[in-house]
Amino acid sequence: MNFLDLVKKRYSVRSYLPRAIEADKMNYIMECVRLAPSAVNYQPWHFSIVTDAEKLAALKSTYPREWIQTAPCIIVACTDHQEAWHRKMDGKDHADVDIAIAVEHLCLAAAEQGLGTCWVCNFDASRCKEVLSLPESWEPAVLIPIGYATEEAVPEKRRKTLNEIVF
């Protein structure tokens with residue numbers, strides 16, 4: 001499959017089968033994440049792969065939407081602003097850019113492996129940090145439910161045209 005086909009294949013999955021993800025697939029996905037680029041190669045990220053039933057239930061409570069209950073696994077992408085590169089001219093912190101690149105590597109690698117994902121950014125980050133006992137400097141930035149999608153209808157991707165975004 002070429003890259004454009006992979007990008008077209010990936011969508012936000014909101015219904016998962018109760019099926020565990022094979023270790024070799026998860027290792028492949030996380031290797032793709034590990035190789036993601038970051039500003040000045042600082043790699044200011046940490047990832048928690050949550051499958052333990054008790055911890056998973058607590059984590060799901062940080063995002064009170066019914067559909068997330070079907071996810072057999074959630075990967076929590078954390079960034080450390082202290083580890084991130086800061087642009088010298090204005091001090092801009094690139095941690096959020098770096099974690100976004102890594103998470104998209106994760107989502108595309110998962111799609112390639114036949115798995116579905118969904119970016120979740122609107123969650124209780126303080127509660128998430130507590131559930132995972134994260135260090136003070138780590139910020140949980142994104143929850144990524146991951147698993148095998150049910151046979152749901154694939155939503156149409158509504159995107160702006162090239163003329164609307166290229167100048």
# chains A, B, ... in the order shown; residues from 1 in each chain; ligands from 1
>>> select_by_dssp(residues="chain A", states="helix (DSSP H, G or I)", output="PDB file with C-alpha atoms, in the first residue's frame")
ATOM      1  CA  PHE A   3       1.396   6.290   1.650  1.00  0.00           C
ATOM      2  CA  LEU A   4      -1.638   8.084   0.207  1.00  0.00           C
ATOM      3  CA  ASP A   5      -3.700   4.878   0.409  1.00  0.00           C
ATOM      4  CA  LEU A   6      -2.601   4.420   4.031  1.00  0.00           C
ATOM      5  CA  VAL A   7      -3.595   7.998   4.911  1.00  0.00           C
ATOM      6  CA  LYS A   8      -6.981   7.469   3.250  1.00  0.00           C
ATOM      7  CA  LYS A   9      -7.452   4.185   5.149  1.00  0.00           C
ATOM      8  CA  ALA A  23       2.526  -8.258  20.925  1.00  0.00           C
ATOM      9  CA  ASP A  24       4.351  -8.250  17.591  1.00  0.00           C
ATOM     10  CA  LYS A  25       1.916  -5.676  16.177  1.00  0.00           C
ATOM     11  CA  MET A  26       2.229  -3.454  19.245  1.00  0.00           C
ATOM     12  CA  ASN A  27       6.020  -3.718  19.126  1.00  0.00           C
ATOM     13  CA  TYR A  28       6.012  -2.768  15.435  1.00  0.00           C
ATOM     14  CA  ILE A  29       3.769   0.240  16.099  1.00  0.00           C
ATOM     15  CA  MET A  30       5.897   1.444  19.006  1.00  0.00           C
ATOM     16  CA  GLU A  31       9.067   1.028  16.933  1.00  0.00           C
ATOM     17  CA  CYS A  32       7.495   3.350  14.349  1.00  0.00           C
ATOM     18  CA  VAL A  33       6.768   5.801  17.186  1.00  0.00           C
ATOM     19  CA  ARG A  34      10.328   5.539  18.474  1.00  0.00           C
ATOM     20  CA  ALA A  39      12.880  19.084  17.183  1.00  0.00           C
ATOM     21  CA  VAL A  40      16.675  18.795  17.554  1.00  0.00           C
ATOM     22  CA  ASN A  41      16.042  15.058  18.148  1.00  0.00           C
ATOM     23  CA  ALA A  53      -8.601  -3.917  33.315  1.00  0.00           C
ATOM     24  CA  GLU A  54      -8.594  -1.861  36.520  1.00  0.00           C
ATOM     25  CA  LYS A  55      -6.223   0.810  35.248  1.00  0.00           C
ATOM     26  CA  LEU A  56      -7.995   0.875  31.884  1.00  0.00           C
ATOM     27  CA  ALA A  57     -11.365   1.488  33.581  1.00  0.00           C
ATOM     28  CA  ALA A  58      -9.887   4.322  35.642  1.00  0.00           C
ATOM     29  CA  LEU A  59      -8.312   5.824  32.529  1.00  0.00           C
ATOM     30  CA  LYS A  60     -11.565   5.573  30.568  1.00  0.00           C
ATOM     31  CA  GLU A  66     -19.688   5.812  25.910  1.00  0.00           C
ATOM     32  CA  TRP A  67     -17.723   4.660  22.870  1.00  0.00           C
ATOM     33  CA  ILE A  68     -14.345   4.646  24.637  1.00  0.00           C
ATOM     34  CA  GLN A  69     -15.591   1.826  26.866  1.00  0.00           C
ATOM     35  CA  THR A  70     -15.122  -0.579  23.929  1.00  0.00           C
ATOM     36  CA  ALA A  95       6.908  19.477  22.903  1.00  0.00           C
ATOM     37  CA  ASP A  96       3.367  19.635  21.502  1.00  0.00           C
ATOM     38  CA  VAL A  97       4.638  19.536  17.921  1.00  0.00           C
ATOM     39  CA  ASP A  98       6.897  16.590  18.722  1.00  0.00           C
ATOM     40  CA  ILE A  99       4.198  14.551  20.460  1.00  0.00           C
ATOM     41  CA  ALA A 100       1.794  15.203  17.563  1.00  0.00           C
ATOM     42  CA  ILE A 101       4.317  13.830  15.073  1.00  0.00           C
ATOM     43  CA  ALA A 102       4.897  10.720  17.214  1.00  0.00           C
ATOM     44  CA  VAL A 103       1.166  10.121  17.722  1.00  0.00           C
ATOM     45  CA  GLU A 104       0.480  10.366  14.001  1.00  0.00           C
ATOM     46  CA  HIS A 105       3.257   7.825  13.385  1.00  0.00           C
ATOM     47  CA  LEU A 106       1.426   5.614  15.909  1.00  0.00           C
ATOM     48  CA  CYS A 107      -1.956   6.033  14.222  1.00  0.00           C
ATOM     49  CA  LEU A 108      -0.630   5.389  10.723  1.00  0.00           C
ATOM     50  CA  ALA A 109       1.406   2.357  11.831  1.00  0.00           C
ATOM     51  CA  ALA A 110      -1.694   0.984  13.573  1.00  0.00           C
ATOM     52  CA  ALA A 111      -3.775   1.459  10.411  1.00  0.00           C
ATOM     53  CA  GLU A 112      -1.102  -0.342   8.402  1.00  0.00           C
ATOM     54  CA  ALA A 125      -5.414  15.321  32.192  1.00  0.00           C
ATOM     55  CA  SER A 126      -5.064  15.788  35.971  1.00  0.00           C
ATOM     56  CA  ARG A 127      -7.006  12.596  36.686  1.00  0.00           C
ATOM     57  CA  CYS A 128      -5.048  10.754  33.972  1.00  0.00           C
ATOM     58  CA  LYS A 129      -1.785  11.854  35.576  1.00  0.00           C
ATOM     59  CA  GLU A 130      -3.049  10.552  38.919  1.00  0.00           C
ATOM     60  CA  VAL A 131      -4.237   7.204  37.481  1.00  0.00           C
ATOM     61  CA  LEU A 132      -0.827   6.566  35.901  1.00  0.00           C
ATOM     62  CA  LEU A 162      -5.872  21.989  -2.047  1.00  0.00           C
ATOM     63  CA  ASN A 163      -6.826  25.447  -3.325  1.00  0.00           C
ATOM     64  CA  GLU A 164      -8.138  26.313   0.137  1.00  0.00           C
ATOM     65  CA  ILE A 165      -4.956  25.362   1.967  1.00  0.00           C
TER      66      ILE A 165
END
>>> closest_atom_pairs(of="segment 52-138 of chain A", to="segment 146-160 of chain A", cutoff="9 Å", atoms="only C-alpha atoms", output="JSON lines")
{"residue": "A:Ala71", "atom": "CA", "partner": "A:Ile146", "partner_atom": "CA", "distance": 6.3}
{"residue": "A:Pro72", "atom": "CA", "partner": "A:Gly147", "partner_atom": "CA", "distance": 6.2}
{"residue": "A:Cys73", "atom": "CA", "partner": "A:Ile146", "partner_atom": "CA", "distance": 5.6}
{"residue": "A:Ile74", "atom": "CA", "partner": "A:Ile146", "partner_atom": "CA", "distance": 5.9}
{"residue": "A:Ile75", "atom": "CA", "partner": "A:Ile146", "partner_atom": "CA", "distance": 7.3}
{"residue": "A:Cys107", "atom": "CA", "partner": "A:Ile146", "partner_atom": "CA", "distance": 8.6}
{"residue": "A:Ala110", "atom": "CA", "partner": "A:Ile146", "partner_atom": "CA", "distance": 7.9}
{"residue": "A:Gly114", "atom": "CA", "partner": "A:Tyr148", "partner_atom": "CA", "distance": 7.1}
{"residue": "A:Leu115", "atom": "CA", "partner": "A:Tyr148", "partner_atom": "CA", "distance": 4.9}
{"residue": "A:Gly116", "atom": "CA", "partner": "A:Gly147", "partner_atom": "CA", "distance": 5.5}
{"residue": "A:Thr117", "atom": "CA", "partner": "A:Ile146", "partner_atom": "CA", "distance": 4.6}
{"residue": "A:Cys118", "atom": "CA", "partner": "A:Ile146", "partner_atom": "CA", "distance": 7.2}
>>> write_last_selection(atoms="N, CA, C and O atoms", output="compact mmCIF listing (two decimals), in the first residue's frame")
# COMPACT_ATOMS: atom_id res chain seq x y z
N ALA A 71 -12.79 0.20 23.92
CA ALA A 71 -11.36 0.09 23.59
C ALA A 71 -10.66 -0.92 24.50
O ALA A 71 -10.70 -0.79 25.73
N PRO A 72 -9.99 -1.92 23.92
CA PRO A 72 -9.27 -2.92 24.73
C PRO A 72 -7.92 -2.42 25.23
O PRO A 72 -7.30 -3.05 26.08
N CYS A 73 -7.49 -1.28 24.69
CA CYS A 73 -6.18 -0.73 25.04
C CYS A 73 -6.22 0.78 24.80
O CYS A 73 -6.86 1.24 23.86
N ILE A 74 -5.55 1.51 25.67
CA ILE A 74 -5.36 2.94 25.45
C ILE A 74 -3.88 3.24 25.63
O ILE A 74 -3.27 2.82 26.61
N ILE A 75 -3.33 3.94 24.67
CA ILE A 75 -1.96 4.41 24.79
C ILE A 75 -2.02 5.87 25.19
O ILE A 75 -2.71 6.67 24.55
N CYS A 107 -0.66 6.28 14.87
CA CYS A 107 -1.96 6.03 14.22
C CYS A 107 -1.81 5.44 12.82
O CYS A 107 -2.55 4.54 12.44
N ALA A 110 -0.58 1.83 13.14
CA ALA A 110 -1.69 0.98 13.57
C ALA A 110 -2.61 0.67 12.39
O ALA A 110 -3.01 -0.49 12.20
N GLY A 114 -3.75 -3.02 10.47
CA GLY A 114 -5.14 -3.44 10.53
C GLY A 114 -5.85 -3.05 11.81
O GLY A 114 -6.91 -3.60 12.13
N LEU A 115 -5.30 -2.10 12.54
CA LEU A 115 -5.88 -1.65 13.80
C LEU A 115 -6.45 -0.24 13.65
O LEU A 115 -6.01 0.53 12.79
N GLY A 116 -7.39 0.09 14.50
CA GLY A 116 -7.98 1.41 14.50
C GLY A 116 -7.54 2.21 15.70
O GLY A 116 -7.17 1.65 16.75
N THR A 117 -7.56 3.52 15.56
CA THR A 117 -7.18 4.45 16.63
C THR A 117 -8.10 5.66 16.57
O THR A 117 -8.85 5.85 15.61
N CYS A 118 -8.00 6.49 17.60
CA CYS A 118 -8.70 7.76 17.62
C CYS A 118 -7.92 8.71 18.53
O CYS A 118 -7.51 8.32 19.62
>>> residues_around(residues="Phe47 of chain A", least_positions_apart="5", cutoff="6 Å", atoms="only C-alpha atoms", output="ChimeraX atom specification")
/A:76-78
>>> write_last_selection(atoms="C-alpha atoms", output="tab-separated table (two decimals), in the first residue's frame")
chain	number	residue	atom	x	y	z
A	76	VAL	CA	-1.30	7.59	26.73
A	77	ALA	CA	1.14	9.89	24.95
A	78	CYS	CA	2.95	12.10	27.43
>>> atom_distance(atom1="atom CA of Thr79 of chain A", atom2="atom CA of His94 of chain A")
10.0 Å
>>> residues_around(residues="Cys121 of chain A", least_positions_apart="3", cutoff="7 Å", atoms="only C-alpha atoms", output="VMD selection string")
chain A and resid 141 to 143
